[in-house]
>>> print(open('entry-v7.cif').read())   # mmCIF, C-alpha atoms
data_work
loop_
_atom_site.label_atom_id
_atom_site.label_comp_id
_atom_site.auth_asym_id
_atom_site.auth_seq_id
_atom_site.Cartn_x
_atom_site.Cartn_y
_atom_site.Cartn_z
CA MET A 1 -22.13 -6.44 -23.71
CA ASN A 2 -25.37 -4.45 -23.35
CA ASN A 3 -25.67 -0.68 -23.84
CA LYS A 4 -25.32 0.13 -20.15
CA SER A 5 -22.17 -1.94 -19.82
CA LEU A 6 -20.81 -0.40 -22.99
CA VAL A 7 -21.38 3.14 -21.70
CA HIS A 8 -19.72 2.21 -18.40
CA PHE A 9 -16.80 0.62 -20.24
CA LEU A 10 -16.32 3.73 -22.37
CA GLN A 11 -16.44 5.96 -19.28
CA VAL A 12 -13.75 3.93 -17.56
CA LEU A 13 -11.71 3.78 -20.77
CA SER A 14 -11.82 7.56 -21.21
CA LEU A 15 -10.76 8.05 -17.60
CA VAL A 16 -7.86 5.65 -18.07
CA LEU A 17 -6.83 7.40 -21.29
CA PHE A 18 -6.92 10.77 -19.51
CA PHE A 19 -4.30 9.56 -17.10
CA VAL A 20 -2.26 7.22 -19.29
CA VAL A 21 -1.84 9.52 -22.28
CA GLY A 22 0.09 12.21 -20.47
CA THR A 23 2.10 14.90 -22.17
CA GLN A 24 4.69 15.23 -19.46
CA ASP A 25 8.22 14.07 -19.92
CA SER A 26 8.97 10.87 -18.10
CA VAL A 27 11.93 10.54 -15.78
CA GLU A 28 14.05 9.43 -18.73
CA GLY A 29 12.66 12.26 -20.84
CA ARG A 30 13.96 14.85 -18.44
CA LEU A 31 17.51 15.16 -19.62
CA ILE A 32 20.29 16.03 -17.24
CA SER A 33 21.12 18.87 -19.63
CA THR A 34 17.85 20.56 -18.59
CA ILE A 35 18.89 20.66 -14.93
CA SER A 36 20.54 23.99 -14.15
CA LYS A 37 23.98 24.00 -12.53
CA LYS A 38 23.76 23.36 -8.82
CA PRO A 39 24.95 26.05 -6.43
CA HIS A 40 27.96 25.52 -4.17
CA PRO A 41 27.04 23.48 -1.07
CA ASN A 42 28.20 26.36 1.15
CA ASP A 43 25.42 28.57 -0.24
CA ALA A 44 22.70 26.78 1.72
CA ALA A 45 19.81 29.07 0.70
CA ALA A 46 20.57 28.91 -3.03
CA TYR A 47 21.16 25.15 -2.87
CA ALA A 48 17.84 24.57 -1.08
CA ARG A 49 15.92 26.72 -3.56
CA TRP A 50 17.60 24.92 -6.47
CA LEU A 51 16.69 21.53 -5.02
CA VAL A 52 13.04 22.52 -4.60
CA SER A 53 12.68 24.27 -7.95
CA GLN A 54 14.33 21.49 -10.00
CA ASN A 55 12.36 18.64 -8.48
CA TYR A 56 8.91 17.45 -9.60
CA TRP A 57 7.85 15.18 -6.77
CA GLY A 58 8.50 14.36 -3.14
CA VAL A 59 6.89 12.80 -0.09
CA LEU A 60 4.31 14.87 1.77
CA ASN A 61 3.79 13.84 5.39
CA THR A 62 0.78 14.39 7.61
CA ILE A 63 -0.52 13.01 10.90
CA SER A 64 -2.92 10.11 10.35
CA SER A 65 -5.60 9.98 13.04
CA ASP A 66 -6.93 6.84 11.28
CA LEU A 67 -3.58 5.15 12.03
CA GLY A 68 -3.13 6.11 15.67
CA GLY A 69 -1.44 9.43 14.95
CA ALA A 70 1.24 7.84 12.77
CA PRO A 71 3.33 10.09 10.49
CA PHE A 72 1.80 9.20 7.10
CA GLY A 73 4.03 9.82 4.08
CA ASN A 74 2.52 10.03 0.61
CA VAL A 75 4.19 10.36 -2.78
CA VAL A 76 2.97 13.59 -4.41
CA SER A 77 3.79 15.95 -7.25
CA PHE A 78 4.46 19.59 -6.42
CA SER A 79 5.65 22.84 -7.91
CA ASP A 80 7.00 26.09 -6.51
CA GLY A 81 7.02 27.67 -9.97
CA LEU A 82 8.97 27.02 -13.12
CA PRO A 83 12.47 25.58 -12.70
CA ASN A 84 14.82 28.45 -11.78
CA GLU A 85 11.84 30.77 -11.28
CA GLY A 86 10.43 29.10 -8.18
CA SER A 87 9.00 30.98 -5.22
CA GLY A 88 10.37 28.47 -2.73
CA VAL A 89 6.84 27.67 -1.52
CA PRO A 90 5.68 24.21 -2.62
CA TYR A 91 2.13 23.94 -3.99
CA PHE A 92 0.17 20.69 -4.34
CA TYR A 93 -2.93 19.55 -6.22
CA LEU A 94 -4.77 17.23 -3.83
CA THR A 95 -8.17 15.63 -3.44
CA THR A 96 -9.87 14.64 -0.19
CA LEU A 97 -10.45 11.22 -1.81
CA ASP A 98 -6.84 10.79 -0.65
CA PRO A 99 -5.83 10.54 3.05
CA THR A 100 -3.18 13.29 2.90
CA ALA A 101 -5.63 16.11 2.17
CA ARG A 102 -8.11 14.71 4.72
CA ASN A 103 -5.36 14.50 7.37
CA ALA A 104 -4.26 18.09 6.71
CA LEU A 105 -7.78 19.45 7.10
CA ARG A 106 -7.85 17.91 10.61
CA ASP A 107 -4.24 18.62 11.64
CA LYS A 108 -2.11 21.02 9.59
CA ARG A 109 1.28 19.77 10.84
CA SER A 110 3.16 18.51 7.81
CA SER A 111 6.51 18.13 6.06
CA LEU A 112 7.76 17.70 2.51
CA ALA A 113 10.90 15.61 1.90
CA ILE A 114 12.79 15.94 -1.40
CA SER A 115 15.93 14.21 -2.67
CA GLU A 116 18.59 15.36 -5.11
CA TYR A 117 18.97 11.76 -6.25
CA PRO A 118 16.28 11.74 -8.99
CA LEU A 119 17.85 14.82 -10.60
CA GLY A 120 20.79 12.66 -11.63
CA THR A 121 23.34 15.12 -10.22
CA CYS A 122 24.62 12.87 -7.39
CA GLY A 123 27.00 10.91 -9.58
CA GLU A 124 27.77 7.50 -8.12
CA ARG A 125 26.75 8.48 -4.60
CA ASP A 126 24.16 6.58 -2.63
CA PRO A 127 20.86 8.48 -1.97
CA GLU A 128 21.72 8.48 1.76
CA ASN A 129 25.22 9.87 1.19
CA PRO A 130 25.25 13.40 2.69
CA ALA A 131 26.84 14.74 -0.49
CA CYS A 132 23.66 13.73 -2.34
CA ALA A 133 21.45 16.50 -0.99
CA LYS A 134 18.11 16.16 0.74
CA ILE A 135 15.75 18.68 2.22
CA THR A 136 12.80 18.50 4.59
CA LEU A 137 10.50 21.50 4.76
CA THR A 138 8.34 21.35 7.89
CA GLY A 139 5.30 23.53 8.59
CA LYS A 140 1.55 23.74 8.02
CA LEU A 141 -0.28 22.26 5.03
CA VAL A 142 -3.12 24.65 4.18
CA LEU A 143 -5.70 25.21 1.43
CA VAL A 144 -5.07 28.12 -0.94
CA ASP A 145 -8.12 30.35 -1.41
CA VAL A 146 -9.15 29.95 -5.09
CA SER A 147 -10.12 33.61 -5.45
CA THR A 148 -6.58 34.90 -4.77
CA LYS A 149 -3.67 35.90 -7.00
CA GLU A 150 -1.66 33.25 -5.17
CA ALA A 151 -4.04 30.53 -6.40
CA GLU A 152 -3.50 31.77 -9.96
CA PHE A 153 0.28 31.62 -9.52
CA ALA A 154 0.07 28.19 -7.91
CA GLU A 155 -2.16 26.76 -10.64
CA HIS A 156 0.21 28.02 -13.32
CA ALA A 157 3.19 26.63 -11.38
CA LEU A 158 1.50 23.22 -11.02
CA PHE A 159 0.00 22.89 -14.51
CA THR A 160 3.22 23.95 -16.27
CA LYS A 161 5.32 21.37 -14.46
CA HIS A 162 2.56 18.73 -14.42
CA PRO A 163 0.49 19.31 -17.59
CA GLU A 164 -1.64 16.20 -17.12
CA MET A 165 -3.13 17.76 -13.96
CA MET A 166 -5.23 20.01 -16.21
CA ASP A 167 -7.17 16.94 -17.35
CA TRP A 168 -7.63 15.24 -13.98
CA PRO A 169 -11.26 14.31 -13.27
CA GLU A 170 -13.38 17.30 -12.19
CA ASP A 171 -15.54 15.18 -9.90
CA HIS A 172 -12.45 14.35 -7.79
CA ASN A 173 -12.53 17.96 -6.57
CA PHE A 174 -8.77 18.60 -6.64
CA GLN A 175 -7.78 21.68 -4.63
CA ILE A 176 -4.57 23.66 -4.29
CA PHE A 177 -2.70 23.31 -1.01
CA LYS A 178 0.57 24.91 0.07
CA LEU A 179 3.13 24.24 2.74
CA GLU A 180 3.68 27.23 5.02
CA ILE A 181 7.31 26.57 5.88
CA GLU A 182 8.44 26.92 9.49
CA ASP A 183 11.67 24.88 9.57
CA ILE A 184 14.21 23.75 6.99
CA PHE A 185 16.37 20.64 7.39
CA LEU A 186 19.00 20.62 4.64
CA ILE A 187 21.83 18.15 4.22
CA ASN A 188 23.98 18.92 1.17
CA TRP A 189 27.48 17.94 2.26
CA PHE A 190 29.34 16.31 5.14
CA GLY A 191 29.20 17.87 8.59
CA GLY A 192 25.51 17.64 9.42
CA ARG A 193 22.54 19.90 8.96
CA LYS A 194 23.19 23.26 7.27
CA PRO A 195 22.07 26.30 9.24
CA LEU A 196 19.31 27.93 7.16
CA THR A 197 16.40 30.11 8.28
CA VAL A 198 13.06 30.28 6.46
CA ASP A 199 13.68 33.96 5.81
CA GLN A 200 17.08 33.29 4.19
CA TYR A 201 15.49 30.54 2.11
CA LEU A 202 12.54 32.60 0.88
CA HIS A 203 14.50 35.76 0.13
CA THR A 204 17.60 34.42 -1.58
CA LYS A 205 18.25 35.38 -5.21
CA MET A 206 17.78 32.50 -7.62
CA MET B 1 19.92 13.15 -47.69
CA ASN B 2 23.49 13.88 -48.80
CA ASN B 3 26.61 12.72 -46.99
CA LYS B 4 27.03 15.93 -45.02
CA SER B 5 23.44 15.84 -43.82
CA LEU B 6 23.80 12.20 -42.94
CA VAL B 7 26.93 12.86 -40.87
CA HIS B 8 25.17 15.73 -39.10
CA PHE B 9 22.12 13.54 -38.46
CA LEU B 10 24.32 10.80 -36.98
CA GLN B 11 26.15 13.31 -34.80
CA VAL B 12 22.88 14.64 -33.41
CA LEU B 13 21.53 11.13 -32.96
CA SER B 14 24.61 10.01 -31.02
CA LEU B 15 24.40 13.12 -28.84
CA VAL B 16 20.74 12.40 -28.09
CA LEU B 17 21.51 8.75 -27.35
CA PHE B 18 24.40 9.78 -25.11
CA PHE B 19 22.10 11.94 -23.00
CA VAL B 20 19.11 9.61 -22.97
CA VAL B 21 21.06 6.46 -22.17
CA GLY B 22 23.43 8.35 -19.88
CA THR B 23 20.56 9.92 -17.98
CA GLN B 24 18.80 6.63 -17.45
CA ASP B 25 22.01 5.24 -16.12
CA SER B 26 22.96 8.13 -13.87
CA VAL B 27 19.52 9.23 -12.68
CA GLU B 28 18.66 5.82 -11.42
CA GLY B 29 22.16 4.45 -11.19
CA ARG B 30 20.82 1.41 -12.99
CA LEU B 31 19.13 0.74 -16.31
CA ILE B 32 15.47 -0.05 -16.78
CA SER B 33 16.55 -3.36 -18.26
CA THR B 34 17.68 -4.48 -14.79
CA ILE B 35 14.18 -3.90 -13.37
CA SER B 36 12.18 -7.12 -13.39
CA LYS B 37 8.78 -7.17 -15.10
CA LYS B 38 6.15 -5.63 -12.90
CA PRO B 39 3.21 -7.76 -11.77
CA HIS B 40 -0.35 -7.06 -12.90
CA PRO B 41 -1.94 -4.22 -10.87
CA ASN B 42 -4.71 -6.58 -9.75
CA ASP B 43 -2.17 -8.71 -7.88
CA ALA B 44 -1.78 -6.19 -5.06
CA ALA B 45 0.53 -8.29 -2.88
CA ALA B 46 2.96 -9.15 -5.68
CA TYR B 47 2.93 -5.58 -6.97
CA ALA B 48 3.67 -4.18 -3.49
CA ARG B 49 6.54 -6.61 -2.95
CA TRP B 50 7.95 -5.81 -6.40
CA LEU B 51 7.81 -2.06 -5.67
CA VAL B 52 9.65 -2.48 -2.36
CA SER B 53 12.25 -4.96 -3.61
CA GLN B 54 13.14 -2.99 -6.77
CA ASN B 55 13.51 0.37 -5.05
CA TYR B 56 16.68 1.63 -3.34
CA TRP B 57 15.43 4.67 -1.44
CA GLY B 58 12.33 6.26 -0.03
CA VAL B 59 11.17 8.70 2.62
CA LEU B 60 11.09 7.49 6.21
CA ASN B 61 8.74 9.42 8.47
CA THR B 62 8.83 9.81 12.22
CA ILE B 63 7.27 12.11 14.83
CA SER B 64 9.54 15.05 15.66
CA SER B 65 9.17 16.15 19.25
CA ASP B 66 11.73 18.90 18.47
CA LEU B 67 9.27 20.30 15.91
CA GLY B 68 6.06 20.23 17.94
CA GLY B 69 5.16 16.65 17.04
CA ALA B 70 5.36 17.34 13.30
CA PRO B 71 5.55 14.36 10.91
CA PHE B 72 9.21 14.55 9.88
CA GLY B 73 10.08 12.95 6.54
CA ASN B 74 13.69 12.07 5.73
CA VAL B 75 15.23 10.72 2.53
CA VAL B 76 16.85 7.36 3.32
CA SER B 77 18.25 4.29 1.62
CA PHE B 78 16.75 0.92 2.48
CA SER B 79 16.78 -2.72 1.48
CA ASP B 80 14.46 -5.65 2.07
CA GLY B 81 16.93 -8.06 0.43
CA LEU B 82 18.26 -8.42 -3.08
CA PRO B 83 15.92 -7.35 -5.91
CA ASN B 84 13.39 -10.18 -6.48
CA GLU B 85 14.58 -11.91 -3.31
CA GLY B 86 13.26 -9.37 -0.83
CA SER B 87 11.65 -10.29 2.48
CA GLY B 88 9.15 -7.44 2.26
CA VAL B 89 10.52 -5.95 5.50
CA PRO B 90 12.51 -2.74 4.90
CA TYR B 91 15.81 -2.39 6.77
CA PHE B 92 17.69 0.88 7.29
CA TYR B 93 21.22 1.89 8.30
CA LEU B 94 20.79 4.93 10.54
CA THR B 95 22.81 6.97 13.01
CA THR B 96 21.48 8.94 15.98
CA LEU B 97 23.48 11.90 14.64
CA ASP B 98 20.41 12.16 12.40
CA PRO B 99 16.95 13.20 13.72
CA THR B 100 15.07 10.18 12.27
CA ALA B 101 16.83 7.59 14.45
CA ARG B 102 16.56 9.87 17.50
CA ASN B 103 12.84 10.39 16.88
CA ALA B 104 12.24 6.64 16.53
CA LEU B 105 13.97 5.86 19.82
CA ARG B 106 11.48 8.23 21.54
CA ASP B 107 8.36 7.35 19.52
CA LYS B 108 8.31 4.28 17.27
CA ARG B 109 5.38 5.37 15.09
CA SER B 110 6.71 5.61 11.55
CA SER B 111 6.01 5.16 7.84
CA LEU B 112 8.03 4.54 4.69
CA ALA B 113 6.80 6.02 1.39
CA ILE B 114 8.12 4.67 -1.92
CA SER B 115 7.33 5.63 -5.51
CA GLU B 116 7.44 3.61 -8.72
CA TYR B 117 8.50 6.76 -10.56
CA PRO B 118 12.29 6.44 -10.06
CA LEU B 119 12.21 2.89 -11.47
CA GLY B 120 11.42 4.39 -14.88
CA THR B 121 8.46 2.04 -15.44
CA CYS B 122 5.73 4.70 -15.31
CA GLY B 123 6.13 5.73 -18.95
CA GLU B 124 4.88 9.27 -19.56
CA ARG B 125 2.76 9.37 -16.42
CA ASP B 126 3.09 12.00 -13.72
CA PRO B 127 4.41 10.74 -10.34
CA GLU B 128 0.98 11.56 -8.81
CA ASN B 129 -0.93 9.65 -11.52
CA PRO B 130 -2.54 6.63 -9.81
CA ALA B 131 -1.22 4.34 -12.55
CA CYS B 132 2.32 5.25 -11.40
CA ALA B 133 2.31 3.17 -8.24
CA LYS B 134 3.11 4.34 -4.72
CA ILE B 135 3.14 2.56 -1.42
CA THR B 136 3.17 3.69 2.21
CA LEU B 137 4.12 1.11 4.83
CA THR B 138 3.06 2.28 8.29
CA GLY B 139 4.16 0.72 11.58
CA LYS B 140 6.91 0.84 14.19
CA LEU B 141 10.54 1.73 13.50
CA VAL B 142 12.70 -0.43 15.78
CA LEU B 143 16.35 -1.34 16.32
CA VAL B 144 17.44 -4.79 15.15
CA ASP B 145 19.45 -6.69 17.78
CA VAL B 146 22.99 -7.07 16.34
CA SER B 147 23.43 -10.57 17.76
CA THR B 148 20.55 -12.08 15.74
CA LYS B 149 20.33 -13.94 12.42
CA GLU B 150 17.98 -11.17 11.30
CA ALA B 151 20.75 -8.59 11.76
CA GLU B 152 23.01 -10.72 9.56
CA PHE B 153 20.33 -10.93 6.86
CA ALA B 154 19.62 -7.19 7.12
CA GLU B 155 23.28 -6.23 6.89
CA HIS B 156 23.74 -8.38 3.79
CA ALA B 157 20.55 -6.92 2.29
CA LEU B 158 21.73 -3.35 2.97
CA PHE B 159 25.39 -3.72 1.99
CA THR B 160 24.63 -5.55 -1.24
CA LYS B 161 22.22 -2.88 -2.45
CA HIS B 162 24.22 0.02 -0.97
CA PRO B 163 27.89 -1.04 -1.11
CA GLU B 164 29.21 2.33 0.07
CA MET B 165 27.51 1.75 3.46
CA MET B 166 30.33 -0.68 4.31
CA ASP B 167 32.73 2.27 4.38
CA TRP B 168 30.61 4.75 6.33
CA PRO B 169 32.42 6.25 9.35
CA GLU B 170 32.57 3.88 12.30
CA ASP B 171 32.41 6.72 14.82
CA HIS B 172 28.95 7.66 13.50
CA ASN B 173 27.65 4.50 15.14
CA PHE B 174 25.29 3.40 12.36
CA GLN B 175 22.75 0.82 13.51
CA ILE B 176 20.25 -1.37 11.71
CA PHE B 177 16.59 -0.45 12.09
CA LYS B 178 13.55 -2.12 10.58
CA LEU B 179 9.95 -1.15 10.00
CA GLU B 180 7.49 -3.52 11.65
CA ILE B 181 4.65 -3.11 9.19
CA GLU B 182 1.10 -2.69 10.53
CA ASP B 183 -0.72 -1.11 7.58
CA ILE B 184 -0.19 -0.94 3.82
CA PHE B 185 -1.47 1.88 1.63
CA LEU B 186 -1.00 0.89 -2.03
CA ILE B 187 -2.15 2.84 -5.08
CA ASN B 188 -1.22 1.08 -8.32
CA TRP B 189 -4.15 1.87 -10.64
CA PHE B 190 -7.38 3.85 -10.79
CA GLY B 191 -10.13 3.26 -8.26
CA GLY B 192 -8.41 4.17 -5.00
CA ARG B 193 -6.45 2.25 -2.41
CA LYS B 194 -5.94 -1.49 -3.07
CA PRO B 195 -7.12 -3.80 -0.29
CA LEU B 196 -4.00 -5.54 1.02
CA THR B 197 -3.29 -7.01 4.45
CA VAL B 198 0.17 -7.22 6.01
CA ASP B 199 -0.18 -10.99 6.05
CA GLN B 200 -0.96 -11.17 2.32
CA TYR B 201 1.99 -8.85 1.65
CA LEU B 202 4.52 -10.77 3.72
CA HIS B 203 3.51 -14.22 2.54
CA THR B 204 3.06 -13.73 -1.18
CA LYS B 205 5.36 -15.62 -3.55
CA MET B 206 7.90 -13.41 -5.31
#
>>> encode(input="entry-v7.cif", output="structure tokens")
Amino acid sequence: MNNKSLVHFLQVLSLVLFFVVGTQDSVEGRLISTISKKPHPNDAAAYARWLVSQNYWGVLNTISSDLGGAPFGNVVSFSDGLPNEGSGVPYFYLTTLDPTARNALRDKRSSLAISEYPLGTCGERDPENPACAKITLTGKLVLVDVSTKEAEFAEHALFTKHPEMMDWPEDHNFQIFKLEIEDIFLINWFGGRKPLTVDQYLHTKM
Amino acid sequence: MNNKSLVHFLQVLSLVLFFVVGTQDSVEGRLISTISKKPHPNDAAAYARWLVSQNYWGVLNTISSDLGGAPFGNVVSFSDGLPNEGSGVPYFYLTTLDPTARNALRDKRSSLAISEYPLGTCGERDPENPACAKITLTGKLVLVDVSTKEAEFAEHALFTKHPEMMDWPEDHNFQIFKLEIEDIFLINWFGGRKPLTVDQYLHTKM
């Protein structure tokens, strides 16, 4: 291996180590005992906020003009604040190297789907069982202006829940996006969609 | 360490083991030991098939005409066959009481997003870390004709992985849908999207 190859190898190795040696708890590391008690299914606003604040990842959907306008889902990490201290608004750390951020900059229509299943609080129920809750927040996926207080809050929310994000490569130009929620689809028991307005969701007490 | 300390140590250890083992079991409903060894990231087709066949749920995305054409993601269960015997084609058990099936009957454009994270094989990595794989299958979401051999295969694939589906209410009129895959977006290591055609994906040896 010559010097140039060696330098290249070390660059790749350091990048790999950045990502592989994370400090975050894995799915097994996140004990059920750290999940706060879930609200009663009848309290739709509190249940929805709990589901969003306890979860670490979901699927963020945008319209893909590259794929004939198909609804393109992408697995992403998010944070609305610390667990039990969430704002209800999901923030993301995205790069335009990835189609989701590129799609959103062309067409803001978006949704975030989250399941209760990975929290481990669904017991023996199937992920599609209505008693294992799921939520879809639909709205606009927009960039957060870096010079604002909101960007500061969002960065803290993201980096606390996803510490390895702090070390993600600078040249990937990660930026903070948020979902401006316009509609909430919550299933958390039998009997179909729970009535829940965005206002009720955002202003409920945690 | 005296006897009292030893007893205390063993008590704490058993408590920790109870939570760690218990969480693995209940979060995923199945232990890591039941997940087959994952293929090398360079074998994109085998890795993609492994990811789809090992997983039990994902987010299925459709176009919501009720929500201004927004990409509507919905948490669903799926099956492409038994683990390690999958066909690569994801099947779903959906009712038109739910918006996803209704959307698909109006506009077939759809995608299914799946993460490696819930399998527990990502170690300490964040769900958005490219070394924790994710896949998005994009295509058309269509009804499977109940009188076909394919419907028989799909029902067996679904009911074996999701036994409670057998008992879901008959008056909900659940039907089998499948995703006719047209594009595959796979991230399973650093360096961006893996080149992978639908043909390579469907015809790889498991």
>>> interface_residues(input="entry-v7.cif", of="chain B", to="chain A", cutoff="6 Å", atoms="only C-alpha atoms", output="PyMOL selection string")
chain B and resi 24+26-27+61-62+70-74+76-77+109-111+113+123-125+128
>>> atom_distance(input="entry-v7.cif", atom1="atom CA of A:Ser79", atom2="atom CA of A:Leu196")
21.0 Å
>>> atom_distance(input="entry-v7.cif", atom1="atom CA of A:Ala151", atom2="atom CA of A:Asn103")
21.2 Å
>>> residues_around(input="entry-v7.cif", residues="A:Asn173", least_positions_apart="3", cutoff="8 Å", atoms="all atoms listed in the file", output="CSV table (one decimal) with C-alpha atoms, in the frame of the given file")
chain,number,residue,atom,x,y,z
A,95,THR,CA,-8.2,15.6,-3.4
A,96,THR,CA,-9.9,14.6,-0.2
A,169,PRO,CA,-11.3,14.3,-13.3
A,170,GLU,CA,-13.4,17.3,-12.2
>>> atom_distance(input="entry-v7.cif", atom1="atom CA of A:Glu85", atom2="atom CA of A:Leu158")
12.8 Å
>>> resolve_selection(input="entry-v7.cif", expression="the PyMOL selection byres ((chain B and resi 52) around 8)", output="PyMOL selection string")
chain B and resi 48-51+53-55+80+86+88+90+114
>>> residues_around(input="entry-v7.cif", residues="A:Ile176", least_positions_apart="4", cutoff="8 Å", atoms="all atoms listed in the file", output="number ranges by chain")
A: 91-94, 143-144, 146, 151, 154-155
